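*Asks:* This is the content of data-v7.txt (compact mmCIF, C-alpha atoms):
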# COMPACT_ATOMS: atom_id res chain seq x y z
CA MET A 1 0.00 0.00 0.00
CA LYS A 2 2.81 2.42 0.88
CA THR A 3 4.54 1.59 -2.36
CA THR A 4 1.41 2.56 -4.30
CA ILE A 5 1.14 5.93 -2.49
CA ILE A 6 4.81 6.76 -3.12
CA THR A 7 4.49 5.87 -6.79
CA ALA A 8 1.43 8.13 -7.15
CA ALA A 9 3.23 11.04 -5.49
CA ILE A 10 6.21 10.67 -7.79
CA ALA A 11 3.88 10.71 -10.79
CA ILE A 12 2.15 13.90 -9.61
CA MET A 13 5.53 15.65 -9.09
CA ALA A 14 6.65 14.62 -12.54
CA ILE A 15 3.46 16.01 -14.07
CA SER A 16 3.92 19.30 -12.15
CA LEU A 17 7.52 19.66 -13.32
CA TYR A 18 6.51 18.91 -16.88
CA SER A 19 3.78 21.59 -16.71
CA CYS A 20 6.19 24.20 -15.36
CA GLY A 21 8.58 23.48 -18.16
CA ASN A 22 5.82 23.99 -20.69
CA LYS A 23 4.85 27.38 -19.15
CA GLU A 24 8.44 28.65 -19.36
CA GLU A 25 8.64 27.58 -22.95
CA THR A 26 5.39 29.48 -23.68
CA LYS A 27 6.79 32.70 -22.15
CA THR A 28 9.92 32.44 -24.25
CA ALA A 29 7.86 31.92 -27.38
CA VAL A 30 5.96 35.23 -26.97
CA ALA A 31 8.96 37.37 -25.95
CA LEU A 32 8.86 40.85 -27.65
CA ASP A 33 11.41 41.78 -30.32
CA PRO A 34 13.62 44.74 -29.36
CA VAL A 35 13.25 48.02 -31.29
CA LYS A 36 16.41 49.57 -32.70
CA VAL A 37 16.56 53.26 -31.75
CA GLU A 38 18.78 56.33 -31.92
CA VAL A 39 19.32 57.93 -28.50
CA ILE A 40 20.88 61.17 -27.26
CA GLU A 41 21.38 62.54 -23.78
CA VAL A 42 19.41 65.64 -22.82
CA ALA A 43 21.96 68.41 -22.41
CA SER A 44 22.15 70.69 -19.39
CA PRO A 45 19.96 73.81 -19.67
CA ASN A 46 21.48 76.89 -21.27
CA ARG A 47 20.60 80.43 -20.51
CA LEU A 48 18.38 82.05 -23.10
CA SER A 49 20.37 83.86 -25.79
CA LYS A 50 17.41 85.12 -27.82
CA LEU A 51 14.30 87.20 -27.37
CA ASN A 52 11.08 86.53 -29.27
CA PHE A 53 8.66 89.22 -30.48
CA ASN A 54 5.38 88.77 -32.30
CA GLY A 55 4.74 90.74 -35.47
CA LYS A 56 3.14 90.75 -38.89
CA ILE A 57 4.60 90.24 -42.36
CA VAL A 58 4.32 93.13 -44.83
CA ALA A 59 5.69 93.72 -48.31
CA ALA A 60 8.93 95.70 -48.28
CA ASN A 61 7.56 97.94 -51.03
CA SER A 62 3.89 98.85 -50.57
CA ALA A 63 1.71 101.93 -50.88
CA ASN A 64 -1.81 103.24 -50.36
CA ILE A 65 -2.83 105.31 -53.37
CA SER A 66 -4.79 108.48 -52.59
CA THR A 67 -5.60 111.81 -54.25
CA ARG A 68 -5.26 115.52 -53.49
CA MET A 69 -8.49 116.28 -55.35
CA MET A 70 -12.08 116.00 -54.18
CA GLY A 71 -14.53 114.41 -56.57
CA PHE A 72 -16.71 111.44 -57.46
CA VAL A 73 -15.07 108.26 -58.72
CA ASP A 74 -15.87 107.77 -62.41
CA GLN A 75 -13.94 104.57 -63.13
CA VAL A 76 -12.02 101.88 -61.23
CA LYS A 77 -10.03 99.87 -63.74
CA VAL A 78 -8.57 97.22 -61.39
CA LYS A 79 -9.71 94.76 -58.76
CA VAL A 80 -7.97 93.07 -55.82
CA GLY A 81 -5.40 90.56 -57.03
CA ASP A 82 -4.71 92.25 -60.39
CA LYS A 83 -1.08 92.57 -61.44
CA VAL A 84 -0.23 96.06 -62.71
CA LYS A 85 2.72 97.79 -64.35
CA LYS A 86 4.29 101.08 -63.34
CA GLY A 87 2.36 103.98 -64.88
CA GLN A 88 -0.75 101.87 -65.63
CA LEU A 89 -4.05 103.78 -65.19
CA LEU A 90 -5.87 102.48 -62.12
CA MET A 91 -8.69 104.93 -61.35
CA ILE A 92 -10.33 108.06 -62.77
CA ILE A 93 -11.95 110.73 -60.58
CA ASN A 94 -14.48 113.11 -62.11
CA ASN A 95 -12.48 116.07 -63.44
CA ALA A 96 -15.11 118.30 -65.09
CA ASP A 97 -13.93 121.31 -63.08
CA LEU A 98 -10.35 120.58 -64.00
CA GLN A 99 -11.18 120.30 -67.69
CA ALA A 100 -12.88 123.71 -67.50
CA LYS A 101 -9.75 125.15 -65.91
CA ILE A 102 -7.65 123.65 -68.69
CA ALA A 103 -9.85 125.33 -71.31
CA GLN A 104 -9.56 128.66 -69.48
CA VAL A 105 -5.80 128.38 -69.24
CA LYS A 106 -5.48 127.55 -72.93
CA ALA A 107 -7.52 130.66 -73.80
CA ALA A 108 -5.37 132.78 -71.47
CA ILE A 109 -2.19 131.42 -73.09
CA ALA A 110 -3.51 132.18 -76.59
CA ALA A 111 -4.39 135.78 -75.62
CA ALA A 112 -1.09 136.32 -73.82
CA ASP A 113 0.85 134.84 -76.72
CA ALA A 114 -0.85 137.16 -79.24
CA GLY A 115 -0.22 140.20 -77.01
CA PHE A 116 3.42 139.19 -76.57
CA GLU A 117 3.97 138.80 -80.33
CA ASN A 118 2.64 142.34 -80.97
CA ALA A 119 4.70 143.76 -78.13
CA GLU A 120 7.81 141.99 -79.41
CA LYS A 121 7.36 143.42 -82.93
CA ASP A 122 6.83 146.93 -81.57
CA TYR A 123 9.82 146.54 -79.27
CA LYS A 124 12.13 145.56 -82.12
CA ARG A 125 10.82 148.45 -84.27
CA PHE A 126 11.39 150.93 -81.45
CA GLN A 127 14.92 149.63 -81.02
CA SER A 128 15.62 150.52 -84.69
CA LEU A 129 14.05 153.95 -84.29
CA MET A 130 16.07 154.57 -81.16
CA LYS A 131 19.29 153.91 -83.03
CA SER A 132 18.37 156.59 -85.57
CA ASN A 133 17.27 159.00 -82.80
CA SER A 134 13.72 159.03 -84.23
CA ILE A 135 12.10 158.52 -80.78
CA SER A 136 12.79 159.77 -77.31
CA GLN A 137 14.27 157.69 -74.48
CA LYS A 138 10.95 157.87 -72.61
CA GLU A 139 9.09 156.33 -75.54
CA MET A 140 11.68 153.56 -75.67
CA ASP A 141 11.37 152.97 -71.94
CA ASP A 142 7.58 152.78 -72.16
CA MET A 143 7.83 150.22 -74.95
CA SER A 144 10.35 148.14 -72.98
CA THR A 145 8.00 148.13 -70.02
CA ARG A 146 5.08 146.99 -72.17
CA TYR A 147 7.22 144.26 -73.76
CA GLU A 148 8.35 142.88 -70.38
CA MET A 149 4.79 143.00 -69.04
CA MET A 150 3.40 140.97 -71.98
CA LYS A 151 6.27 138.50 -71.62
CA SER A 152 5.45 138.03 -67.92
CA GLN A 153 1.74 137.53 -68.68
CA LEU A 154 2.58 134.76 -71.17
CA GLU A 155 4.90 133.05 -68.71
CA GLY A 156 2.26 133.29 -65.96
CA ALA A 157 -0.35 131.65 -68.21
CA LYS A 158 2.07 128.81 -68.99
CA GLN A 159 2.76 128.29 -65.28
CA GLN A 160 -1.00 128.00 -64.68
CA GLN A 161 -1.14 125.38 -67.43
CA ARG A 162 1.64 123.37 -65.77
CA GLU A 163 -0.20 123.53 -62.45
CA VAL A 164 -3.44 122.26 -63.96
CA ILE A 165 -1.63 119.48 -65.82
CA ALA A 166 0.07 118.45 -62.56
CA GLN A 167 -3.36 118.21 -60.93
CA LEU A 168 -4.43 115.71 -63.59
CA GLN A 169 -2.26 113.04 -61.99
CA TYR A 170 -4.50 113.24 -58.92
CA VAL A 171 -7.64 112.49 -60.94
CA ASN A 172 -6.04 109.95 -63.29
CA LEU A 173 -4.36 107.69 -60.71
CA THR A 174 -1.58 105.43 -61.98
CA ALA A 175 0.53 102.63 -60.46
CA PRO A 176 3.73 103.96 -58.79
CA PHE A 177 5.55 100.65 -59.43
CA ASP A 178 5.03 97.13 -60.75
CA GLY A 179 2.94 95.22 -58.23
CA VAL A 180 -0.32 93.59 -57.18
CA ILE A 181 -3.50 95.34 -56.04
CA THR A 182 -4.12 94.26 -52.43
CA ASN A 183 -6.97 96.54 -51.34
CA ARG A 184 -9.80 98.51 -52.90
CA PHE A 185 -11.30 101.01 -50.48
CA ILE A 186 -13.76 102.79 -52.80
CA GLU A 187 -16.29 102.06 -55.56
CA VAL A 188 -17.56 103.89 -58.64
CA GLY A 189 -19.80 106.78 -57.58
CA ASP A 190 -18.21 107.21 -54.15
CA MET A 191 -16.76 110.57 -53.15
CA ALA A 192 -12.96 110.66 -52.99
CA ASN A 193 -11.47 113.10 -50.48
CA PRO A 194 -7.90 114.42 -50.27
CA GLY A 195 -5.59 111.98 -48.42
CA MET A 196 -8.23 109.23 -48.31
CA PRO A 197 -6.79 105.74 -49.23
CA LEU A 198 -8.37 104.51 -52.46
CA LEU A 199 -6.27 101.52 -53.51
CA GLY A 200 -3.55 99.41 -51.90
CA ILE A 201 -0.64 98.07 -53.94
CA GLU A 202 2.29 95.85 -53.00
CA GLN A 203 5.37 94.70 -54.86
CA PRO A 204 5.72 90.91 -54.47
CA GLY A 205 9.03 89.33 -53.59
CA LYS A 206 10.86 91.00 -50.73
CA MET A 207 9.05 90.72 -47.40
CA GLU A 208 9.69 92.08 -43.92
CA VAL A 209 8.25 91.79 -40.42
CA THR A 210 7.16 94.67 -38.21
CA ALA A 211 7.05 93.88 -34.49
CA MET A 212 6.74 95.70 -31.17
CA VAL A 213 9.38 95.41 -28.42
CA PRO A 214 8.67 96.25 -24.75
CA GLU A 215 10.79 98.78 -22.91
CA SER A 216 12.46 96.07 -20.82
CA ASP A 217 13.96 94.40 -23.93
CA ILE A 218 14.67 97.24 -26.34
CA GLN A 219 18.28 97.72 -25.15
CA SER A 220 19.06 94.13 -26.21
CA VAL A 221 17.84 94.57 -29.80
CA LYS A 222 20.39 96.04 -32.21
CA GLN A 223 20.08 97.15 -35.81
CA GLY A 224 21.91 94.78 -38.14
CA ALA A 225 21.51 91.75 -35.87
CA GLU A 226 20.71 88.44 -37.57
CA THR A 227 17.38 86.89 -36.67
CA ILE A 228 15.23 83.82 -37.23
CA ILE A 229 11.64 84.49 -38.33
CA TYR A 230 9.15 81.73 -37.57
CA ILE A 231 5.83 81.69 -39.44
CA ASN A 232 3.39 79.48 -37.56
CA SER A 233 0.70 79.16 -40.26
CA ILE A 234 3.10 77.46 -42.68
CA ASP A 235 5.43 76.01 -40.00
CA THR A 236 8.50 77.63 -41.58
CA GLU A 237 11.64 79.30 -40.28
CA LEU A 238 13.44 81.89 -42.41
CA LYS A 239 16.60 83.93 -41.89
CA GLY A 240 16.41 87.69 -41.57
CA VAL A 241 18.15 90.86 -40.43
CA ILE A 242 16.85 93.64 -38.18
CA THR A 243 17.02 96.78 -40.31
CA GLU A 244 15.19 99.34 -38.15
CA VAL A 245 14.89 99.93 -34.41
CA SER A 246 12.70 102.82 -33.31
CA GLY A 247 14.18 105.28 -30.84
CA SER A 248 10.82 106.39 -29.45
CA SER A 249 7.64 104.77 -28.17
CA LYS A 250 5.66 108.01 -28.05
CA ASN A 251 3.16 107.02 -30.74
CA THR A 252 3.25 103.24 -30.29
CA GLY A 253 1.66 102.68 -26.89
CA GLY A 254 4.85 102.50 -24.86
CA GLN A 255 6.48 99.85 -27.07
CA TYR A 256 9.23 100.24 -29.66
CA ALA A 257 8.74 99.31 -33.29
CA ILE A 258 11.34 97.18 -35.06
CA ARG A 259 11.55 95.99 -38.66
CA ALA A 260 13.26 92.80 -39.87
CA VAL A 261 13.84 91.99 -43.54
CA ILE A 262 13.37 88.35 -44.61
CA ASN A 263 16.45 87.28 -46.58
CA GLU A 264 14.98 84.05 -47.98
CA ASN A 265 12.37 83.94 -50.73
CA ASN A 266 9.48 81.55 -50.00
CA PRO A 267 6.39 81.58 -52.25
CA LYS A 268 4.21 80.48 -49.32
CA VAL A 269 4.94 83.66 -47.37
CA ARG A 270 2.21 86.27 -47.81
CA SER A 271 1.67 89.75 -46.52
CA GLY A 272 -0.48 89.82 -43.39
CA MET A 273 0.75 86.52 -41.92
CA TYR A 274 1.71 86.54 -38.25
CA ALA A 275 5.34 85.79 -37.42
CA THR A 276 7.73 85.53 -34.47
CA VAL A 277 11.02 87.41 -34.65
CA SER A 278 13.74 85.64 -32.67
CA ALA A 279 16.38 88.31 -32.04
CA GLN A 280 19.93 87.82 -30.83
CA ILE A 281 20.51 89.34 -27.40
CA GLN A 282 23.33 91.88 -27.22
CA GLY A 283 24.90 92.24 -23.77
CA GLU A 284 24.15 90.28 -20.61
CA LEU A 285 22.01 87.17 -20.89
CA THR A 286 18.75 86.85 -19.04
CA GLU A 287 18.68 85.07 -15.71
CA ASN A 288 15.98 82.67 -16.91
CA GLU A 289 17.20 79.19 -17.77
CA ALA A 290 15.53 76.86 -20.23
CA LEU A 291 15.85 73.27 -21.43
CA PHE A 292 15.56 72.80 -25.19
CA ILE A 293 15.14 69.56 -27.16
CA THR A 294 14.98 68.93 -30.89
CA LYS A 295 11.53 69.36 -32.43
CA ASN A 296 11.84 66.04 -34.32
CA ALA A 297 11.69 64.06 -31.06
CA ILE A 298 8.24 65.37 -30.09
CA VAL A 299 5.33 62.90 -30.13
CA THR A 300 1.77 64.28 -30.27
CA ARG A 301 -1.45 62.61 -29.21
CA GLY A 302 -4.33 65.00 -29.77
CA GLN A 303 -3.63 68.05 -27.59
CA LEU A 304 -0.80 66.32 -25.68
CA SER A 305 2.90 66.46 -26.52
CA GLY A 306 5.64 64.22 -25.19
CA VAL A 307 8.81 62.25 -25.92
CA TYR A 308 10.01 58.67 -25.56
CA THR A 309 12.85 58.19 -23.05
CA VAL A 310 14.87 55.17 -21.94
CA SER A 311 13.89 53.59 -18.61
CA GLN A 312 16.27 51.87 -16.15
CA GLN A 313 15.08 48.52 -17.58
CA ASN A 314 16.23 49.63 -21.06
CA THR A 315 12.66 49.96 -22.33
CA ALA A 316 10.83 52.87 -23.96
CA ILE A 317 8.67 55.06 -21.75
CA LEU A 318 6.42 57.89 -23.02
CA ARG A 319 6.73 61.13 -21.02
CA TRP A 320 4.16 63.91 -21.41
CA LEU A 321 5.71 67.40 -21.39
CA LYS A 322 4.73 71.01 -20.94
CA LEU A 323 6.32 72.91 -23.83
CA GLY A 324 7.19 76.56 -24.36
CA GLN A 325 8.62 78.57 -27.27
CA THR A 326 10.06 77.16 -30.50
CA SER A 327 13.37 78.47 -31.85
CA ASP A 328 15.82 77.22 -34.48
CA GLY A 329 14.11 73.83 -34.72
CA LYS A 330 14.19 73.32 -30.94
CA VAL A 331 11.37 73.36 -28.40
CA GLU A 332 11.59 74.68 -24.85
CA VAL A 333 10.63 72.14 -22.16
CA LEU A 334 8.96 73.78 -19.18
CA SER A 335 8.34 70.57 -17.22
CA GLY A 336 8.37 66.78 -17.54
CA LEU A 337 12.03 66.23 -18.50
CA SER A 338 15.41 66.64 -16.85
CA ALA A 339 18.96 67.06 -18.09
CA GLY A 340 20.93 63.80 -18.35
CA GLU A 341 17.98 61.63 -19.37
CA GLN A 342 18.22 59.45 -22.47
CA LEU A 343 15.96 60.80 -25.23
CA ILE A 344 14.90 58.59 -28.17
CA LEU A 345 15.32 60.51 -31.43
CA SER A 346 14.15 57.87 -33.90
CA ALA A 347 13.19 54.20 -34.15
CA GLU A 348 13.30 51.65 -36.98
CA SER A 349 9.85 50.33 -36.01
CA LYS A 350 6.86 51.53 -34.02
CA LEU A 351 7.59 52.56 -30.43
CA TYR A 352 5.28 51.93 -27.50
CA ASN A 353 5.44 51.98 -23.72
CA GLY A 354 7.57 49.11 -22.45
CA ALA A 355 9.17 48.27 -25.81
CA PRO A 356 12.64 46.70 -25.28
CA LEU A 357 15.39 48.68 -26.93
CA VAL A 358 18.57 47.97 -28.81
CA TYR A 359 21.08 50.53 -30.10
In structure tokens, write the structure found in this file.
*Replies:*
Amino acid sequence: MKTTIITAAIAIMAISLYSCGNKEETKTAVALDPVKVEVIEVASPNRLSKLNFNGKIVAANSANISTRMMGFVDQVKVKVGDKVKKGQLLMIINNADLQAKIAQVKAAIAAADAGFENAEKDYKRFQSLMKSNSISQKEMDDMSTRYEMMKSQLEGAKQQQREVIAQLQYVNLTAPFDGVITNRFIEVGDMANPGMPLLGIEQPGKMEVTAMVPESDIQSVKQGAETIIYINSIDTELKGVITEVSGSSKNTGGQYAIRAVINENNPKVRSGMYATVSAQIQGELTENEALFITKNAIVTRGQLSGVYTVSQQNTAILRWLKLGQTSDGKVEVLSGLSAGEQLILSAESKLYNGAPLVY
């Protein structure tokens, strides 16, 4: 009987050992393949060396066309988006009064010219008579006076004609340069007033950014400094140079206006887009410290942003971050990451939490 019990126990132990061996084999069979990755170490934070200012892109060569004459608009020969050449007729303002003045001036010139011709003939005849002592000096002086007076009247009439002709350019408005019509502020039949913008025109190609700088930062911004201009709507960074720095904030709400020219030509850049000017700081650096990581390492899930890092078990772990400004292809990390951690830049296959890693 004892022999039977011992034999049964041995059989049960053998079955248990065999089962355990099978479980271990099953675990090994489903082991996850490691993901090959590229890793860098997060560098120690550097003090900020740039200041960012928000602004708007404008064409370097632009103008609002207006008039010095008051009158009703007779014709508008262009619409927004039309390309125009320098000197091309854009708009005509009613010039009936001006045409009447032109007719009056022409009549005045004709009368003055006829009077001058007669005076000139008499003057030359009197000069001959004076040489032969046929007239007195007083008669010669009177004729000289009449001659000069008629000459002045003719010149005055011609000056009036030039003035009226000059006024025609303010009723027949032409393009000041080759460009594109960007705005149309008035329609046919509307009253145009002196100084009132009627059309907007811009010359495509060279663009610049106008931005406002607070009083606390204006001493750090220098004319001629190189800058990076980031355009959020097209996710593009372009190189530029600060060309103007205002010396007064009197008419700009306590802030100082700066202007930065974009040195790179990009067909996607359009006037009116919002941009961030990242300016080099001149002088002492700010006391604020920031941690920056490459933008390519960022992982997004809806409204969340994070990165994959390497855990102590050599597996991938997703860390959600609070991010700040973007500059030169790098993103500021406000929280969620520390210097010295291993950051995964890229992977040959899909990454996920807990994925084993190989380098």
*Asks:* Which residues are near range 130-147 of chain A? Cut-off 10 Å, only C-alpha atoms, ignore same chain within fewer than 3 positions. Put them as a short mmCIF file (atom, residue, chain, number, x, y, z; two decimals) with C-alpha atoms, in the coordinates of the input.
*Replies:*
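Saved result, out-v4.cif, follows:
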data_model
loop_
_atom_site.label_atom_id
_atom_site.label_comp_id
_atom_site.auth_asym_id
_atom_site.auth_seq_id
_atom_site.Cartn_x
_atom_site.Cartn_y
_atom_site.Cartn_z
CA GLY A 115 -0.22 140.20 -77.01
CA PHE A 116 3.42 139.19 -76.57
CA GLU A 117 3.97 138.80 -80.33
CA ASN A 118 2.64 142.34 -80.97
CA ALA A 119 4.70 143.76 -78.13
CA GLU A 120 7.81 141.99 -79.41
CA LYS A 121 7.36 143.42 -82.93
CA ASP A 122 6.83 146.93 -81.57
CA TYR A 123 9.82 146.54 -79.27
CA LYS A 124 12.13 145.56 -82.12
CA ARG A 125 10.82 148.45 -84.27
CA PHE A 126 11.39 150.93 -81.45
CA GLN A 127 14.92 149.63 -81.02
CA MET A 150 3.40 140.97 -71.98
CA LYS A 151 6.27 138.50 -71.62
CA SER A 152 5.45 138.03 -67.92
#
*Asks:* Please determine, counting all atoms listed in the file, which residue among A:Arg259, A:Arg301, A:Lys330, A:Arg319 has the shortest atom-to-atom distance to Ala60 in chain A.
*Replies:*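 Closest to Ala60 in chain A of all the choices is A:Arg259.
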*Asks:* Using all atoms listed in the file for the distances, tell me which of A:Gly329, A:Gly195, A:Gly272, A:Gly340 is nearest to Ile298 in chain A.
*Replies:* A:Gly329
*Asks:* List the neighbours of Val277 in chain A out to 7 Å using all atoms listed in the file; skip same-chain residues closer than 6 positions along the sequence, and give me the result as a list in words.
*Replies:*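 Returned residues: Asn52, Phe53, Asn54, Thr227, Ile228, Ile229 and Tyr230 of chain A.
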*Asks:* Counting all atoms listed in the file, which residue out of A:Gln342, A:Gln325, A:Thr276, A:Thr174 sits closest to Gln312 in chain A?
*Replies:*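 Residue with the minimum atom-to-atom distance to Gln312 in chain A: A:Gln342.
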*Asks:* List the residues sitting within 10 Å of (8.3, 85.7, -46.0) in the file's frame, using only C-alpha atoms, as an NGL selection string.
*Replies:* :A and (57-59 or 205-209 or 229-231 or 236-240 or 261-271 or 273 or 275)
*Asks:* Please list, as a PDB file with C-alpha atoms, in the frame of the given file, the residues that have an atom at most 12 Å away from (4.4, 102.6, -26.5) in the coordinates of this file, counting only C-alpha atoms.
*Replies:*
ATOM      1  CA  MET A 212       6.740  95.700 -31.170  1.00  0.00           C
ATOM      2  CA  VAL A 213       9.380  95.410 -28.420  1.00  0.00           C
ATOM      3  CA  PRO A 214       8.670  96.250 -24.750  1.00  0.00           C
ATOM      4  CA  GLU A 215      10.790  98.780 -22.910  1.00  0.00           C
ATOM      5  CA  SER A 216      12.460  96.070 -20.820  1.00  0.00           C
ATOM      6  CA  ILE A 218      14.670  97.240 -26.340  1.00  0.00           C
ATOM      7  CA  SER A 246      12.700 102.820 -33.310  1.00  0.00           C
ATOM      8  CA  GLY A 247      14.180 105.280 -30.840  1.00  0.00           C
ATOM      9  CA  SER A 248      10.820 106.390 -29.450  1.00  0.00           C
ATOM     10  CA  SER A 249       7.640 104.770 -28.170  1.00  0.00           C
ATOM     11  CA  LYS A 250       5.660 108.010 -28.050  1.00  0.00           C
ATOM     12  CA  ASN A 251       3.160 107.020 -30.740  1.00  0.00           C
ATOM     13  CA  THR A 252       3.250 103.240 -30.290  1.00  0.00           C
ATOM     14  CA  GLY A 253       1.660 102.680 -26.890  1.00  0.00           C
ATOM     15  CA  GLY A 254       4.850 102.500 -24.860  1.00  0.00           C
ATOM     16  CA  GLN A 255       6.480  99.850 -27.070  1.00  0.00           C
ATOM     17  CA  TYR A 256       9.230 100.240 -29.660  1.00  0.00           C
ATOM     18  CA  ALA A 257       8.740  99.310 -33.290  1.00  0.00           C
TER      19      ALA A 257
END
*Asks:* With distances taken over all atoms listed in the file, which of A:Asp217, A:Ala157, A:Ala175, A:Glu163 is nearest to Asp113 in chain A?
*Replies:*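 Selected residue with least distance to Asp113 in chain A: A:Ala157.
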*Asks:* Rounded to one decimal in Å, what is the spacing between CA of Asp190 in chain A and CA of Lys86 in chain A?
*Replies:*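 If I compute the distance from CA of Asp190 in chain A to CA of Lys86 in chain A, I get 25.1 Å.
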*Asks:* Grab the CA of Gln161 in chain A to CA of Ala112 in chain A distance for me, in Å with one decimal place.
*Replies:*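 If I compute the distance from CA of Gln161 in chain A to CA of Ala112 in chain A, I get 12.7 Å.
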*Asks:* Hey, can you check how far CA of Val358 in chain A sits from CA of Val37 in chain A?
*Replies:*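 Rounded to one decimal, the two atoms are 6.4 Å apart.
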*Asks:* Hey, which of A:Lys106, A:Arg162, A:Lys222, A:Lys79 ends up closest to Asn183 in chain A? Count all atoms listed in the file.
*Replies:* A:Lys79
*Asks:* For Ser338 in chain A, find every residue with an atom within 12 Å (counting all atoms listed in the file), except residues of its own chain fewer than 5 positions away, and show them as an mmCIF file with C-alpha atoms, in the coordinates of the input.
*Replies:*
data_model
loop_
_atom_site.group_PDB
_atom_site.id
_atom_site.type_symbol
_atom_site.label_atom_id
_atom_site.label_comp_id
_atom_site.auth_asym_id
_atom_site.auth_seq_id
_atom_site.Cartn_x
_atom_site.Cartn_y
_atom_site.Cartn_z
ATOM 1 C CA GLU A 41 21.380 62.540 -23.780
ATOM 2 C CA VAL A 42 19.410 65.640 -22.820
ATOM 3 C CA ALA A 43 21.960 68.410 -22.410
ATOM 4 C CA SER A 44 22.150 70.690 -19.390
ATOM 5 C CA PRO A 45 19.960 73.810 -19.670
ATOM 6 C CA ALA A 290 15.530 76.860 -20.230
ATOM 7 C CA LEU A 291 15.850 73.270 -21.430
ATOM 8 C CA PHE A 292 15.560 72.800 -25.190
ATOM 9 C CA ILE A 293 15.140 69.560 -27.160
ATOM 10 C CA THR A 309 12.850 58.190 -23.050
ATOM 11 C CA ARG A 319 6.730 61.130 -21.020
ATOM 12 C CA LEU A 321 5.710 67.400 -21.390
ATOM 13 C CA GLU A 332 11.590 74.680 -24.850
ATOM 14 C CA VAL A 333 10.630 72.140 -22.160
ATOM 15 C CA LEU A 343 15.960 60.800 -25.230
#
